[in-house]
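For reference, protein-v1.txt is printed below; it contains compact mmCIF, C-alpha atoms (C1' of nucleotides).
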```
# COMPACT_ATOMS: atom_id res chain seq x y z
CA MET F 913 -9.41 192.47 297.53
CA TRP F 914 -7.65 193.28 294.24
CA TYR F 915 -4.64 191.67 292.66
CA THR F 916 -2.39 193.19 290.04
CA LEU F 917 0.87 192.12 288.48
CA ILE F 918 2.67 194.32 290.92
CA THR F 919 0.73 193.21 293.94
CA MET F 920 2.99 191.90 296.64
CA ALA F 921 2.51 188.70 298.55
CA ARG F 922 1.76 190.53 301.69
CA LEU F 923 -0.38 193.45 300.77
CA VAL F 924 0.09 196.48 302.90
CA VAL F 925 -3.18 198.05 303.86
CA PRO F 926 -2.57 201.80 303.44
CA GLU F 927 -4.52 203.11 306.42
CA THR F 928 -2.91 200.90 309.01
CA SER F 929 0.40 199.87 307.37
CA GLN F 930 -0.30 196.39 308.65
CA ILE F 931 0.60 193.31 306.74
CA ASP F 932 -2.25 191.56 304.98
CA HIS F 933 -1.67 187.84 304.87
CA SER F 934 -4.31 187.28 302.22
CA PHE F 935 -3.60 184.81 299.48
CA CYS F 936 -1.90 186.17 296.33
CA PRO F 937 -2.17 183.75 293.40
CA VAL F 938 0.83 185.04 291.43
CA TYR F 939 3.11 184.88 294.42
CA GLU F 940 1.96 181.37 295.27
CA ALA F 941 2.21 180.24 291.65
CA ILE F 942 5.78 181.51 291.47
CA ASN F 943 6.58 179.65 294.68
CA VAL F 944 5.26 176.43 293.19
CA LEU F 945 7.06 176.79 289.86
CA GLN F 946 10.42 178.03 291.12
CA GLU F 947 11.35 174.82 292.90
CA LYS F 948 14.23 173.06 291.24
CA TRP F 949 13.18 170.54 288.55
CA THR F 950 9.47 171.39 288.72
CA LEU F 951 9.29 173.15 285.37
CA HIS F 952 11.53 170.52 283.78
CA ILE F 953 9.21 167.78 285.02
CA ILE F 954 6.13 169.55 283.69
CA ARG F 955 7.74 170.23 280.34
CA THR F 956 8.73 166.60 280.05
CA LEU F 957 5.23 165.38 280.87
CA LEU F 958 3.73 167.66 278.22
CA ASP F 959 5.13 165.03 275.87
CA GLY F 960 2.86 162.42 277.46
CA PRO F 961 2.68 160.17 280.53
CA LYS F 962 5.86 158.51 281.74
CA GLY F 963 7.06 156.01 284.33
CA PHE F 964 9.40 157.04 287.11
CA ASN F 965 12.71 156.08 285.53
CA GLU F 966 11.56 157.13 282.09
CA LEU F 967 10.70 160.55 283.51
CA SER F 968 14.01 160.66 285.31
CA ARG F 969 15.96 159.99 282.12
CA ALA F 970 13.93 162.45 280.10
CA VAL F 971 14.27 165.23 282.65
CA GLY F 972 17.99 164.56 282.79
CA GLY F 973 20.10 165.05 285.90
CA CYS F 974 17.52 165.04 288.69
CA ASN F 975 18.33 162.56 291.40
CA PRO F 976 15.64 160.06 292.36
CA ALA F 977 15.05 161.34 295.90
CA THR F 978 14.36 164.84 294.64
CA LEU F 979 12.26 163.57 291.74
CA ALA F 980 10.12 161.45 294.05
CA GLN F 981 9.58 164.40 296.35
CA ARG F 982 8.71 166.73 293.48
CA VAL F 983 6.14 164.47 291.85
CA GLU F 984 4.55 163.84 295.23
CA LYS F 985 4.19 167.56 295.79
CA LEU F 986 2.85 168.09 292.28
CA GLU F 987 0.36 165.31 292.92
CA HIS F 988 -0.87 167.06 296.05
CA LEU F 989 -1.28 170.26 294.06
CA ASP F 990 -3.29 168.32 291.48
CA ILE F 991 -0.85 169.18 288.71
CA VAL F 992 0.35 165.62 288.18
CA SER F 993 -1.57 162.37 288.59
CA LYS F 994 0.02 159.06 289.49
CA THR F 995 -1.39 155.74 288.36
CA ILE F 996 -0.08 152.48 289.77
CA HIS F 997 -0.50 149.72 287.20
CA SER F 998 1.13 146.98 289.24
CA THR F 999 3.12 146.79 292.41
CA MET F 1000 5.19 143.73 291.54
CA PRO F 1001 6.87 144.15 289.19
CA PRO F 1002 6.52 147.85 289.94
CA ARG F 1003 4.85 149.83 287.18
CA THR F 1004 3.59 153.36 287.58
CA SER F 1005 2.82 156.24 285.31
CA TYR F 1006 2.81 159.97 285.85
CA ALA F 1007 0.66 162.28 283.77
CA LEU F 1008 -0.41 165.92 283.80
CA THR F 1009 -3.86 166.80 285.09
CA GLU F 1010 -5.87 169.61 283.53
CA ALA F 1011 -4.05 172.13 285.74
CA GLY F 1012 -0.76 170.60 284.62
CA GLN F 1013 -1.66 170.77 280.95
CA ALA F 1014 -2.61 174.41 281.44
CA LEU F 1015 1.02 175.14 282.31
CA GLN F 1016 1.86 174.63 278.66
CA THR F 1017 1.22 178.35 278.16
CA VAL F 1018 3.86 179.13 280.77
CA ILE F 1019 6.38 176.77 279.21
CA GLU F 1020 5.69 178.27 275.80
CA ALA F 1021 6.25 181.78 277.10
CA ILE F 1022 9.55 180.68 278.64
CA ASP F 1023 10.43 178.94 275.39
CA ARG F 1024 9.87 182.06 273.30
CA TRP F 1025 11.79 184.20 275.75
CA GLY F 1026 14.72 181.78 275.84
CA ARG F 1027 15.03 181.65 272.06
CA GLN F 1028 14.95 185.40 271.78
CA TYR F 1029 17.07 186.50 274.69
CA LEU F 1030 19.35 183.71 275.85
CA PRO F 1031 22.64 183.82 274.00
CA GLU F 1032 24.15 180.63 272.71
CA PRO F 1033 27.15 180.26 275.03
CA ALA F 1034 30.21 181.31 273.11
CA ALA F 1035 33.53 179.53 273.41
CA HIS F 1036 35.96 181.51 275.54
CA MET Z 620 19.42 171.17 264.88
CA TRP Z 621 15.72 171.39 265.78
CA TYR Z 622 14.11 172.35 269.03
CA THR Z 623 10.60 171.49 270.11
CA LEU Z 624 8.74 171.81 273.37
CA ILE Z 625 9.57 168.23 274.13
CA THR Z 626 13.20 168.51 273.16
CA MET Z 627 15.46 167.45 275.98
CA ALA Z 628 18.49 169.29 277.15
CA ARG Z 629 20.76 166.63 275.89
CA LEU Z 630 19.35 165.49 272.64
CA VAL Z 631 19.92 161.87 271.83
CA VAL Z 632 20.92 161.36 268.23
CA PRO Z 633 18.93 158.29 267.12
CA GLU Z 634 21.57 156.62 264.92
CA THR Z 635 24.32 156.66 267.48
CA SER Z 636 22.45 157.03 270.81
CA GLN Z 637 25.11 159.50 271.79
CA ILE Z 638 24.43 162.52 273.89
CA ASP Z 639 24.23 165.82 272.06
CA HIS Z 640 25.47 168.64 274.27
CA SER Z 641 24.04 171.31 272.01
CA PHE Z 642 22.41 174.29 273.59
CA CYS Z 643 18.66 174.04 274.24
CA PRO Z 644 17.09 177.46 274.91
CA VAL Z 645 14.03 176.22 276.82
CA TYR Z 646 16.09 174.08 279.14
CA GLU Z 647 18.51 176.92 279.83
CA ALA Z 648 15.70 179.41 280.32
CA ILE Z 649 14.06 177.13 282.86
CA ASN Z 650 17.37 176.81 284.66
CA VAL Z 651 17.68 180.56 284.87
CA LEU Z 652 14.15 181.12 286.10
CA GLN Z 653 13.93 178.27 288.59
CA GLU Z 654 16.45 179.69 291.04
CA LYS Z 655 14.83 180.70 294.28
CA TRP Z 656 13.63 184.36 294.31
CA THR Z 657 14.47 185.05 290.66
CA LEU Z 658 10.90 185.25 289.41
CA HIS Z 659 9.86 187.25 292.45
CA ILE Z 660 12.63 189.74 291.78
CA ILE Z 661 11.65 190.11 288.15
CA ARG Z 662 7.98 190.51 288.98
CA THR Z 663 8.82 193.19 291.50
CA LEU Z 664 10.99 195.10 289.05
CA LEU Z 665 8.19 195.07 286.47
CA ASP Z 666 6.71 197.73 288.75
CA GLY Z 667 9.70 199.99 288.08
CA PRO Z 668 13.32 200.45 289.20
CA LYS Z 669 14.14 200.02 292.86
CA GLY Z 670 17.05 200.36 295.27
CA PHE Z 671 18.46 197.36 297.06
CA ASN Z 672 16.53 197.57 300.31
CA GLU Z 673 13.42 198.76 298.55
CA LEU Z 674 13.60 195.70 296.30
CA SER Z 675 14.25 193.52 299.31
CA ARG Z 676 11.16 194.78 301.09
CA ALA Z 677 8.98 194.54 298.00
CA VAL Z 678 10.10 190.99 297.22
CA GLY Z 679 9.46 190.05 300.82
CA GLY Z 680 11.45 187.44 302.69
CA CYS Z 681 14.61 187.17 300.62
CA ASN Z 682 17.75 187.68 302.69
CA PRO Z 683 20.32 190.24 301.53
CA ALA Z 684 23.05 187.71 300.75
CA THR Z 685 20.80 185.78 298.41
CA LEU Z 686 19.32 188.92 296.90
CA ALA Z 687 22.76 190.35 296.17
CA GLN Z 688 23.81 187.09 294.54
CA ARG Z 689 20.64 186.89 292.45
CA VAL Z 690 20.78 190.44 291.11
CA GLU Z 691 24.45 189.97 290.26
CA LYS Z 692 23.64 186.88 288.26
CA LEU Z 693 20.70 188.60 286.56
CA GLU Z 694 22.99 191.47 285.73
CA HIS Z 695 25.44 189.10 284.04
CA LEU Z 696 22.59 187.61 282.05
CA ASP Z 697 21.59 191.12 280.99
CA ILE Z 698 18.14 190.76 282.54
CA VAL Z 699 18.69 193.42 285.19
CA SER Z 700 20.79 196.57 285.04
CA LYS Z 701 22.40 198.23 288.03
CA THR Z 702 23.02 201.96 288.24
CA ILE Z 703 25.10 203.47 291.01
CA HIS Z 704 23.97 207.03 291.70
CA SER Z 705 26.33 207.71 294.58
CA THR Z 706 28.68 205.67 296.68
CA MET Z 707 28.42 207.74 299.85
CA PRO Z 708 25.71 207.80 300.96
CA PRO Z 709 25.13 204.61 299.01
CA ARG Z 710 22.41 204.89 296.40
CA THR Z 711 21.84 202.37 293.68
CA SER Z 712 18.97 201.35 291.50
CA TYR Z 713 18.06 198.12 289.81
CA ALA Z 714 15.95 198.03 286.67
CA LEU Z 715 14.91 195.49 284.05
CA THR Z 716 16.67 195.51 280.70
CA GLU Z 717 14.80 194.74 277.49
CA ALA Z 718 15.29 191.03 278.09
CA GLY Z 719 13.97 191.49 281.62
CA GLN Z 720 10.90 193.40 280.46
CA ALA Z 721 10.24 190.63 277.97
CA LEU Z 722 9.73 188.26 280.90
CA GLN Z 723 6.48 190.03 281.59
CA THR Z 724 4.79 187.57 279.24
CA VAL Z 725 6.06 184.72 281.39
CA ILE Z 726 4.89 186.35 284.61
CA GLU Z 727 1.51 187.03 283.05
CA ALA Z 728 1.15 183.40 282.00
CA ILE Z 729 2.00 182.31 285.54
CA ASP Z 730 -0.43 184.88 286.88
CA ARG Z 731 -3.30 183.59 284.74
CA TRP Z 732 -2.51 180.00 285.64
CA GLY Z 733 -2.34 180.78 289.35
CA ARG Z 734 -5.69 182.52 289.38
CA GLN Z 735 -7.36 179.70 287.55
CA TYR Z 736 -5.80 176.65 289.14
CA LEU Z 737 -4.36 177.47 292.54
CA PRO Z 738 -6.95 176.99 295.22
CA GLU Z 739 -7.31 179.56 297.94
CA PRO Z 740 -6.00 177.65 300.93
CA ALA Z 741 -8.99 176.55 302.95
CA ALA Z 742 -9.03 176.51 306.73
CA HIS Z 743 -8.59 172.99 308.03
C1' DT V 1072 21.15 130.99 284.14
C1' DA V 1073 22.61 135.70 284.00
C1' DT V 1074 21.54 140.43 283.23
C1' DA V 1075 18.89 144.50 282.85
C1' DG V 1076 14.89 147.00 284.08
C1' DC V 1077 11.06 148.49 287.21
C1' DG V 1078 9.82 152.23 291.18
C1' DA V 1079 11.41 153.72 294.42
C1' DT V 1080 14.25 154.45 299.31
C1' DA V 1081 18.67 154.96 302.25
C1' DT V 1082 23.18 156.94 302.97
C1' DG V 1083 26.47 160.43 303.68
C1' DA V 1084 28.68 164.15 301.12
C1' DT V 1085 28.22 168.60 298.88
C1' DT V 1086 25.88 172.67 297.37
C1' DT V 1087 22.61 176.27 298.21
C1' DG V 1088 20.11 179.38 300.98
C1' DT V 1089 19.42 181.64 305.54
C1' DC V 1090 20.44 184.23 309.66
C1' DA V 1091 22.46 187.81 312.64
C1' DA V 1092 25.48 191.14 312.87
C1' DG V 1093 28.41 194.78 311.12
C1' DT V 1094 30.45 198.63 307.76
C1' DA V 1095 30.72 204.09 306.97
C1' DT V 1096 28.01 207.79 306.11
C1' DT V 1097 23.83 210.86 305.75
C1' DT V 1098 19.13 212.23 306.80
C1' DG V 1099 15.18 213.32 309.74
C1' DA V 1100 13.20 213.70 314.05
C1' DA V 1101 13.39 214.87 319.31
C1' DT A 1453 22.70 218.48 319.48
C1' DT A 1454 22.07 213.88 319.75
C1' DC A 1455 20.10 209.75 318.61
C1' DA A 1456 17.67 206.42 315.65
C1' DA A 1457 16.98 205.01 311.00
C1' DA A 1458 18.19 204.41 306.36
C1' DT A 1459 21.54 203.36 302.46
C1' DA A 1460 23.98 198.82 299.94
C1' DC A 1461 25.87 195.40 300.89
C1' DT A 1462 29.56 191.73 303.20
C1' DT A 1463 30.97 188.21 306.43
C1' DG A 1464 30.98 183.76 308.70
C1' DA A 1465 28.34 180.31 311.02
C1' DC A 1466 24.63 177.44 310.33
C1' DA A 1467 20.52 174.87 308.33
C1' DA A 1468 18.17 172.98 304.50
C1' DA A 1469 18.08 171.16 299.88
C1' DT A 1470 20.13 168.46 296.56
C1' DC A 1471 23.79 165.39 295.14
C1' DA A 1472 25.83 160.60 293.52
C1' DT A 1473 25.58 156.08 294.57
C1' DA A 1474 23.97 151.68 296.45
C1' DT A 1475 20.18 148.91 297.26
C1' DC A 1476 15.60 146.24 297.37
C1' DG A 1477 12.43 142.15 295.52
C1' DC A 1478 10.82 140.77 291.39
C1' DT A 1479 10.19 139.86 286.11
C1' DA A 1480 11.22 139.71 281.29
C1' DT A 1481 14.57 139.16 278.09
C1' DA A 1482 19.09 137.20 276.39
```

Mind turning the file's structure into structure tokens?
Amino acid sequence: MWYTLITMARLVVPETSQIDHSFCPVYEAINVLQEKWTLHIIRTLLDGPKGFNELSRAVGGCNPATLAQRVEKLEHLDIVSKTIHSTMPPRTSYALTEAGQALQTVIEAIDRWGRQYLPEPAAH
Amino acid sequence: MWYTLITMARLVVPETSQIDHSFCPVYEAINVLQEKWTLHIIRTLLDGPKGFNELSRAVGGCNPATLAQRVEKLEHLDIVSKTIHSTMPPRTSYALTEAGQALQTVIEAIDRWGRQYLPEPAAH
DNA sequence: TATAGCGATATGATTTGTCAAGTATTTGAA
DNA sequence: TTCAAATACTTGACAAATCATATCGCTATA
């Protein structure tokens, strides 16, 4: 099975016009990264490991329930790793795994695009 | 004002610890791209201009209300352009602008990352 | 001794996204 | 000729995601 940039999530097999439910990496990757706060969390952790509240402050504006859910999901995907240093007083740190670090290229591409094409909001 | 990859949306000025509401391109770019379906829409349009239903089918799974809202927003951001060929019968086409085309680098980075780090879901 | 900080979790309100159905007209097939 | 399908959306009801805020037991600092 081939994949191209224009390959759809559900590939249509020409002969039969049936839907192919095979796995498409780009589509899945987009689904992972498009969840609210995910890219912000990753960008923040590129700066180095952080505790829960520290991460929360650095990300800016994400409420704790959502943040907890996001980092849990990212942990399952092996993008973020969680280390518990002590339970009482609670002390934890979140860091990027190798897969997480690899997302730096994505963040950089977004960064370049934003600088070039997003207009500074003008007063109106 | 400087921007770096680790720059937060609201920069804290060290001397005063006050919040700086200055515009941060990366943060804004992430906010644009993290809305549900946005990256899928852009990836689909990289394949060439499409009509509304054609786009809908190619994106796969996005409902028309959301799709209409997304393309309208992308039009405002000058990422997508809309051309009405005829009103009755209705015929329209959506295409990427220069800024939209430039997002190909982002999609490609996501593509590479997905192929390398997203595991094919195993049967369980 | 009082206060702030830690890593969360609970609550109920609000925002966002989804679903099914419908519009007015033309095109292609039976 | 007659009927189903396609075009680009819109509407209103509903479900799901995210929101601000309060809270927990405990420790380190003030």

Skip Pro708 of chain Z itself and residues of its chain fewer than 5 positions away, then list as a PDB file with C-alpha atoms (C1' of nucleotides), in the coordinates of the input all residues within 8 Å of it, counting only C-alpha atoms (C1' of nucleotides).
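The file below, out_3.pdb, is the result:
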```pdb
ATOM      1  C1'  DT V1096      28.010 207.790 306.110  1.00  0.00           C
ATOM      2  C1'  DT V1097      23.830 210.860 305.750  1.00  0.00           C
TER       3       DT V1097
ATOM      4  C1'  DT A1459      21.540 203.360 302.460  1.00  0.00           C
TER       5       DT A1459
END
```

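Distances to chain A were evaluated for F:Glu1032, F:Glu987, F:Glu940, F:Glu947 using all atoms listed in the file, and the minimum falls at F:Glu947.
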
Practice task
Kindly provide, as a PyMOL selection string, the residues of chain Z having any atom no farther than 10 Å from an atom of chain V, counting all atoms listed in the file.
Solution key: chain Z and resi 655+681-685+706-709

Restricted to C-alpha atoms, what would the selected residues look like written as a CSV table (one decimal), keeping the file's coordinate frame?
```csv
chain,number,residue,atom,x,y,z
Z,655,LYS,CA,14.8,180.7,294.3
Z,681,CYS,CA,14.6,187.2,300.6
Z,682,ASN,CA,17.8,187.7,302.7
Z,683,PRO,CA,20.3,190.2,301.5
Z,684,ALA,CA,23.0,187.7,300.8
Z,685,THR,CA,20.8,185.8,298.4
Z,706,THR,CA,28.7,205.7,296.7
Z,707,MET,CA,28.4,207.7,299.8
Z,708,PRO,CA,25.7,207.8,301.0
Z,709,PRO,CA,25.1,204.6,299.0
```

Fill in the blank from the handout: Pairwise distance, atom CA of Phe642 of chain Z with atom CA of Leu1030 of chain F, equals 10.2 Å

Practice task
Report as number ranges by chain the set of chain Z residues whose atoms approach chain F to within 7 Å, with distances computed over only C-alpha atoms.
Solution key: Z: 625, 627, 642, 644-645, 648-649, 652-655, 658, 662-663, 666, 677, 718, 721-722, 724-725, 728-730, 732-734, 736-737, 739

What are the closest atom pairs, with distances in Å to one decimal, for each residue of chain A lying within 10 Å of chain Z, using all atoms listed in the file, rows by chain and rising residue number, as a Markdown table?
```
| residue | atom | partner | partner_atom | distance |
| --- | --- | --- | --- | --- |
| A:DA1458 | C1' | Z:Asn672 | CA | 9.3 |
| A:DT1459 | C1' | Z:Pro709 | CA | 5.1 |
| A:DA1460 | C1' | Z:Pro709 | CA | 6.0 |
| A:DC1461 | C1' | Z:Ala687 | CA | 7.6 |
| A:DT1462 | C1' | Z:Ala684 | CA | 8.0 |
| A:DT1463 | C1' | Z:Ala684 | CA | 9.8 |
```

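Relative to atom CA of Val992 of chain F, atom CA of Thr1009 of chain F is found at 5.4 Å.
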
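The coordinates place atom CA of Glu984 of chain F at 19.3 Å from atom C1' of DC1471 of chain A.
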
Using 5 Å of padding on each side, determine the axis-aligned box around all atoms of segment 699-708 of chain Z present in the file and give its centre and edge lengths in Å to one decimal, as JSON.
```
{"center_x": 23.7, "center_y": 200.6, "center_z": 293.0, "size_x": 20.0, "size_y": 24.4, "size_z": 25.9}
```
